[in-house]
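Structure below is data_14.txt: compact mmCIF, C-alpha atoms.
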# COMPACT_ATOMS: atom_id res chain seq x y z
CA MET A 290 163.76 98.20 101.64
CA VAL A 291 166.44 100.83 102.28
CA THR A 292 165.29 104.35 103.09
CA ALA A 293 167.44 106.89 101.29
CA VAL A 294 167.27 110.54 100.31
CA THR A 295 168.22 110.92 96.65
CA GLU A 296 168.05 113.66 94.04
CA ASN A 297 166.74 111.12 91.54
CA LYS A 298 162.95 110.88 91.30
CA VAL A 299 160.00 108.86 90.05
CA PHE A 300 157.98 110.31 87.17
CA PHE A 301 154.26 109.53 87.33
CA VAL A 302 153.25 109.82 83.68
CA GLY A 303 149.77 109.89 82.17
CA ALA A 304 149.71 107.54 79.17
CA GLY A 305 146.55 109.03 77.70
CA PRO A 306 143.33 107.15 76.95
CA GLY A 307 144.65 104.48 74.59
CA ASP A 308 145.93 105.81 71.28
CA ALA A 309 149.73 105.79 71.63
CA GLU A 310 149.97 109.17 69.90
CA LEU A 311 147.90 110.81 72.63
CA ILE A 312 150.64 110.63 75.22
CA THR A 313 152.18 114.07 75.79
CA VAL A 314 155.49 114.99 74.19
CA LYS A 315 157.05 115.15 77.67
CA GLY A 316 155.59 111.80 78.65
CA ALA A 317 156.97 110.16 75.52
CA ARG A 318 160.40 111.68 76.14
CA LEU A 319 160.48 110.42 79.72
CA LEU A 320 159.51 106.93 78.55
CA ARG A 321 162.30 106.96 75.96
CA GLU A 322 164.78 107.93 78.66
CA ALA A 323 163.44 105.46 81.23
CA GLU A 324 165.49 102.50 82.39
CA VAL A 325 162.69 101.14 84.58
CA VAL A 326 158.96 101.38 83.81
CA VAL A 327 156.10 100.21 86.01
CA PHE A 328 152.90 100.38 83.97
CA ALA A 329 149.21 99.68 84.57
CA GLY A 330 149.03 96.70 82.23
CA SER A 331 145.30 96.09 82.65
CA LEU A 332 144.55 99.51 81.14
CA VAL A 333 147.61 100.81 79.29
CA ASP A 334 148.32 99.30 75.87
CA ARG A 335 151.63 97.39 76.07
CA GLU A 336 152.35 98.64 72.54
CA LEU A 337 152.87 102.12 73.98
CA VAL A 338 155.64 100.78 76.21
CA ARG A 339 157.15 98.80 73.33
CA THR A 340 157.14 101.92 71.17
CA TYR A 341 158.65 104.41 73.59
CA ALA A 342 160.60 102.26 76.07
CA PRO A 343 161.81 99.17 74.16
CA ASN A 344 164.99 98.80 76.18
CA ALA A 345 163.63 99.50 79.68
CA ALA A 346 163.05 96.93 82.39
CA VAL A 347 159.23 96.77 82.42
CA TYR A 348 156.94 95.68 85.27
CA ASP A 349 153.19 95.16 84.83
CA SER A 350 151.49 96.46 87.99
CA ALA A 351 148.23 94.60 87.24
CA GLY A 352 149.36 91.69 89.40
CA MET A 353 151.37 93.69 91.93
CA THR A 354 150.53 95.16 95.33
CA LEU A 355 151.27 98.71 96.47
CA GLU A 356 154.24 97.44 98.48
CA GLU A 357 155.63 95.59 95.46
CA THR A 358 155.35 98.54 93.07
CA THR A 359 156.88 100.82 95.70
CA GLN A 360 159.82 98.49 96.12
CA VAL A 361 160.52 98.38 92.39
CA LEU A 362 160.29 102.16 92.07
CA ALA A 363 162.37 102.85 95.17
CA GLU A 364 165.14 100.40 94.33
CA ALA A 365 165.38 101.79 90.78
CA VAL A 366 165.63 105.39 91.97
CA ILE A 367 168.16 104.57 94.70
CA ALA A 368 170.24 102.77 92.04
CA GLY A 369 170.26 105.99 90.03
CA LYS A 370 168.04 104.67 87.24
CA LYS A 371 165.55 106.84 85.36
CA THR A 372 162.17 105.58 86.51
CA VAL A 373 158.62 106.02 85.16
CA ARG A 374 155.34 104.95 86.74
CA LEU A 375 152.96 104.88 83.77
CA HIS A 376 149.25 105.33 84.45
CA THR A 377 146.30 105.26 82.09
CA GLY A 378 144.67 108.56 81.10
CA ASP A 379 145.61 111.28 83.55
CA PRO A 380 147.09 110.11 86.86
CA SER A 381 144.94 112.51 88.88
CA ILE A 382 141.62 110.92 87.85
CA PHE A 383 141.03 107.61 89.66
CA GLY A 384 144.76 106.99 89.36
CA ALA A 385 145.55 105.81 92.92
CA ILE A 386 148.74 107.89 92.87
CA GLN A 387 148.29 109.61 96.23
CA GLU A 388 148.95 106.41 98.17
CA GLN A 389 152.01 105.71 96.05
CA MET A 390 153.40 109.18 96.67
CA ALA A 391 152.81 108.78 100.40
CA GLU A 392 154.93 105.62 100.34
CA LEU A 393 157.71 107.45 98.49
CA ASP A 394 157.50 110.35 100.97
CA GLN A 395 158.26 107.93 103.78
CA LEU A 396 161.32 106.74 101.90
CA GLY A 397 162.59 110.24 101.15
CA ILE A 398 162.18 109.72 97.41
CA GLY A 399 161.02 112.58 95.22
CA TYR A 400 158.56 112.42 92.35
CA GLN A 401 156.95 114.50 89.63
CA VAL A 402 153.54 114.12 87.99
CA VAL A 403 153.20 114.54 84.23
CA PRO A 404 149.56 114.97 83.19
CA GLY A 405 147.87 113.04 80.41
CA VAL A 406 144.65 113.04 78.41
CA THR A 407 141.89 111.49 80.51
CA SER A 408 139.29 109.31 78.82
CA ALA A 409 136.52 111.85 79.50
CA PHE A 410 138.10 114.18 76.98
CA ALA A 411 138.92 111.35 74.60
CA ALA A 412 135.25 110.34 74.69
CA ALA A 413 134.17 113.94 74.03
CA ALA A 414 136.53 114.03 71.05
CA THR A 415 135.10 110.78 69.71
CA LEU A 416 131.59 112.20 70.06
CA LYS A 417 132.74 115.51 68.51
CA GLN A 418 131.06 117.12 71.49
CA GLU A 419 131.81 120.18 73.60
CA LEU A 420 130.96 119.35 77.19
CA THR A 421 130.15 122.94 78.19
CA LEU A 422 127.75 125.07 76.15
CA PRO A 423 126.34 128.55 76.88
CA GLU A 424 122.84 128.41 78.39
CA VAL A 425 122.97 124.60 78.50
CA THR A 426 125.65 123.92 81.11
CA GLN A 427 128.94 125.35 82.24
CA THR A 428 129.72 122.49 84.60
CA VAL A 429 131.17 119.01 84.10
CA VAL A 430 130.91 116.46 86.88
CA ILE A 431 133.37 113.56 86.81
CA THR A 432 132.22 110.81 89.15
CA ARG A 433 131.51 107.11 89.57
CA LEU A 434 128.94 104.81 91.11
CA ALA A 435 129.89 103.19 94.40
CA GLY A 436 131.21 99.67 93.99
CA LYS A 437 134.14 97.94 95.68
CA THR A 438 135.46 101.45 96.18
CA PRO A 439 132.92 103.42 98.25
CA VAL A 440 131.68 106.89 97.34
CA PRO A 441 130.99 109.46 100.07
CA GLU A 442 127.25 109.67 100.77
CA ARG A 443 127.21 113.38 99.93
CA GLU A 444 128.48 112.46 96.45
CA ALA A 445 126.00 109.66 95.76
CA LEU A 446 125.01 109.67 92.10
CA VAL A 447 121.40 110.57 92.91
CA ARG A 448 122.68 113.73 94.62
CA THR A 449 125.19 114.88 92.01
CA ALA A 450 122.62 114.14 89.31
CA ALA A 451 120.35 116.79 90.85
CA ILE A 452 122.64 119.48 89.41
CA GLY A 453 121.67 118.58 85.84
CA ALA A 454 125.13 119.38 84.48
CA THR A 455 127.08 117.36 81.95
CA MET A 456 128.11 114.22 83.81
CA VAL A 457 130.92 111.83 82.90
CA ILE A 458 130.64 108.60 84.85
CA TYR A 459 133.66 106.34 85.12
CA LEU A 460 133.94 102.71 86.26
CA SER A 461 130.20 102.11 86.33
CA VAL A 462 129.03 100.72 82.99
CA ALA A 463 128.65 97.20 84.43
CA MET A 464 125.95 98.69 86.70
CA ILE A 465 124.22 100.68 83.96
CA GLU A 466 120.68 99.94 85.19
CA GLN A 467 121.49 101.33 88.64
CA VAL A 468 123.19 104.34 87.05
CA VAL A 469 120.03 105.11 85.08
CA ARG A 470 117.81 104.72 88.15
CA GLU A 471 119.87 107.10 90.24
CA LEU A 472 120.22 109.66 87.45
CA LEU A 473 116.45 109.78 87.02
CA GLN A 474 115.86 109.93 90.78
CA GLY A 475 118.03 113.05 90.93
CA GLY A 476 115.19 115.01 89.36
CA ALA A 477 117.11 117.10 86.81
CA TYR A 478 117.39 114.50 84.05
CA ARG A 479 114.43 112.99 82.20
CA GLU A 480 113.93 109.74 80.33
CA GLN A 481 114.52 111.74 77.13
CA THR A 482 117.90 113.08 78.34
CA PRO A 483 120.56 111.99 75.83
CA VAL A 484 123.30 109.58 76.87
CA ALA A 485 126.39 108.24 75.15
CA VAL A 486 128.53 105.31 76.24
CA VAL A 487 132.04 105.23 74.82
CA ALA A 488 134.01 102.03 75.37
CA LYS A 489 137.80 102.01 74.98
CA ALA A 490 137.91 105.57 73.62
CA THR A 491 140.62 106.00 70.94
CA TRP A 492 141.55 102.29 70.94
CA PRO A 493 141.26 100.40 67.63
CA ASP A 494 138.22 98.51 68.98
CA GLU A 495 136.45 101.61 70.31
CA GLN A 496 132.65 101.35 70.58
CA VAL A 497 130.04 104.09 70.81
CA VAL A 498 126.45 103.53 71.89
CA GLU A 499 124.04 106.48 71.95
CA GLY A 500 120.51 106.75 73.26
CA THR A 501 118.49 108.25 76.08
CA LEU A 502 118.07 107.37 79.72
CA ALA A 503 114.99 105.44 78.66
CA ASP A 504 116.86 102.97 76.44
CA ILE A 505 120.62 103.24 77.04
CA ALA A 506 120.81 100.26 79.44
CA ALA A 507 119.31 97.91 76.88
CA ARG A 508 121.49 99.30 74.10
CA VAL A 509 124.64 98.83 76.17
CA LYS A 510 123.70 95.24 77.02
CA ASP A 511 122.99 94.49 73.34
CA ALA A 512 126.42 95.89 72.42
CA GLY A 513 128.09 93.61 74.95
CA ILE A 514 129.85 96.46 76.76
CA GLY A 515 130.74 95.53 80.32
CA LYS A 516 133.91 97.43 81.21
CA GLN A 517 136.39 100.12 80.14
CA ALA A 518 133.60 102.49 79.16
CA LEU A 519 132.46 105.98 80.09
CA ILE A 520 128.86 107.12 80.42
CA VAL A 521 128.32 110.70 79.26
CA VAL A 522 124.97 112.27 80.19
CA GLY A 523 123.45 115.68 79.61
CA ASP A 524 121.56 118.03 77.37
CA VAL A 525 124.76 119.10 75.59
CA LEU A 526 124.57 115.81 73.69
CA GLY A 527 121.33 116.89 72.05
CA ALA A 528 122.24 120.52 71.46
CA ARG A 529 123.14 120.19 67.78
CA ARG A 530 120.05 118.18 67.04
CA ASN A 531 117.84 120.69 68.83
CA GLY A 532 119.60 123.75 67.44
CA LEU A 533 122.09 125.81 69.43
CA LYS A 534 120.19 128.45 71.38
CA ALA A 535 123.24 130.48 72.35
CA LYS A 536 126.80 130.90 71.18
CA SER A 537 129.97 131.85 72.97
CA LEU A 538 130.58 135.58 73.32
CA LEU A 539 134.26 135.05 72.57
CA TYR A 540 133.78 135.11 68.79
CA ASP A 541 130.62 137.22 68.65
CA LYS A 542 131.27 140.15 66.30
CA GLY A 543 129.65 142.57 68.73
CA PHE A 544 131.71 141.50 71.72
CA SER A 545 134.75 143.61 72.62
CA HIS A 546 137.76 142.36 74.56
CA GLU A 547 141.43 143.25 74.89
CA PHE A 548 142.36 141.69 71.54
CA ARG A 549 139.43 142.88 69.39
CA GLU A 550 136.97 145.76 69.17
CA GLY A 551 133.39 144.64 68.72
CA ILE A 552 131.46 145.71 65.62
CA VAL A 553 128.25 147.58 66.36
CA GLY A 554 125.31 147.10 64.02
Let me see the structure of the file written as structure tokens.
Amino acid sequence: MVTAVTENKVFFVGAGPGDAELITVKGARLLREAEVVVFAGSLVDRELVRTYAPNAAVYDSAGMTLEETTQVLAEAVIAGKKTVRLHTGDPSIFGAIQEQMAELDQLGIGYQVVPGVTSAFAAAATLKQELTLPEVTQTVVITRLAGKTPVPEREALVRTAAIGATMVIYLSVAMIEQVVRELLQGGAYREQTPVAVVAKATWPDEQVVEGTLADIAARVKDAGIGKQALIVVGDVLGARRNGLKAKSLLYDKGFSHEFREGIVG
């Protein structure tokens, strides 16, 4: 591979969670303009590429190594072609882009990251659920269970679960029993804590399974969900059912801020 400094660049684009309309306007424009596209075929719907980049040379990275994807991207950029590396969801969440950018740095090739809608927010939309609620939680933890990719010991699920915040767990539904055990061992969640599992959020074959930590593992197994699913845990999921105890100050009639004077009485 030839090392060359060029003004052309690679665009790392977030494809969104599945629904082709959930790609950003900028992401769609860059795909339309692209002459070469390397996309994560195991997770990104090929229809999205067909829709926005029908005339581009397309490479499915599912069967490629880091060195192979880097070579395709580098050769395209050096040849002056508009180049997109298309990732599922948002590239910054479990997207493995840092290693790709490091390779491009060594070659003197520039890049830009275009954010996308990550599946955590697609799942929340499917559930019609705000993930942060006053006096329930103001924190969202995005994490995963250790598998082939290790997790630092300080971030073990049993430790992060001790916070009791809303938790969105990626890449772990195949180990749902272990997830439940560690969540309960954390001490903040209870068997009655509500859980939702959203598989393939926003895809045509999306599935939603709801329950509690006491029964979610069995429900997930019965539904046949084994991959491409998020586990959402926390008391926010039961807030509507239990009655909202507090509301945001932002729209409270008695709350004053720079755009509105509060009404007293």
* Mind pulling up the distance from atom CA of Ala346 of chain A to atom CA of Ala385 of chain A? -> 22.3 Å
* To do: State, in Å with one decimal place, the distance from atom CA of Tyr459 of chain A to atom CA of Met390 of chain A.
  =>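 Taking atom CA of Tyr459 of chain A and atom CA of Met390 of chain A, their separation equals 23.0 Å.
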* Just the residues within 8 Å of Gly453 of chain A, please, counting all atoms listed in the file, with nothing from its chain fewer than 6 positions along; format it as an MDAnalysis selection string. => chainID A and resid 477:478 523
Given the selection you just returned, output its residues as a file containing C-alpha atoms, formatted as a PDB file, keeping the file's coordinate frame.
ATOM      1  CA  ALA A 477     117.110 117.100  86.810  1.00  0.00           C
ATOM      2  CA  TYR A 478     117.390 114.500  84.050  1.00  0.00           C
ATOM      3  CA  GLY A 523     123.450 115.680  79.610  1.00  0.00           C
TER       4      GLY A 523
END
* Asked: If you count all atoms listed in the file, which residues fall within 9 Å of Ile465 of chain A, apart from same-chain ones fewer than 5 positions away, as a ChimeraX atom specification?
  -> /A:470,505-506,509-510,520
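Using all atoms listed in the file, the smallest distance between any of A:Gly476, A:Gly436, A:Pro423, A:Gly399 and Arg448 of chain A comes from A:Gly476.
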* Asked: Hey, what's within 9 Å of Ser381 of chain A if we count only C-alpha atoms and toss same-chain stuff fewer than 4 positions away? As a ChimeraX atom specification, please?
  -> /A:303,385-387,402,404-405,407
* Name the residues in contact with segment 362-378 of chain A at a cut-off of 7 Å, using all atoms listed in the file, excluding same-chain residues fewer than 4 positions from it; report them as a PyMOL selection string. => chain A and resi 295+297-306+320+322-329+332-333+358+384+405-408
* Structure fact -> atom CA of Glu357 of chain A to atom CA of Gly397 of chain A measures 17.2 Å
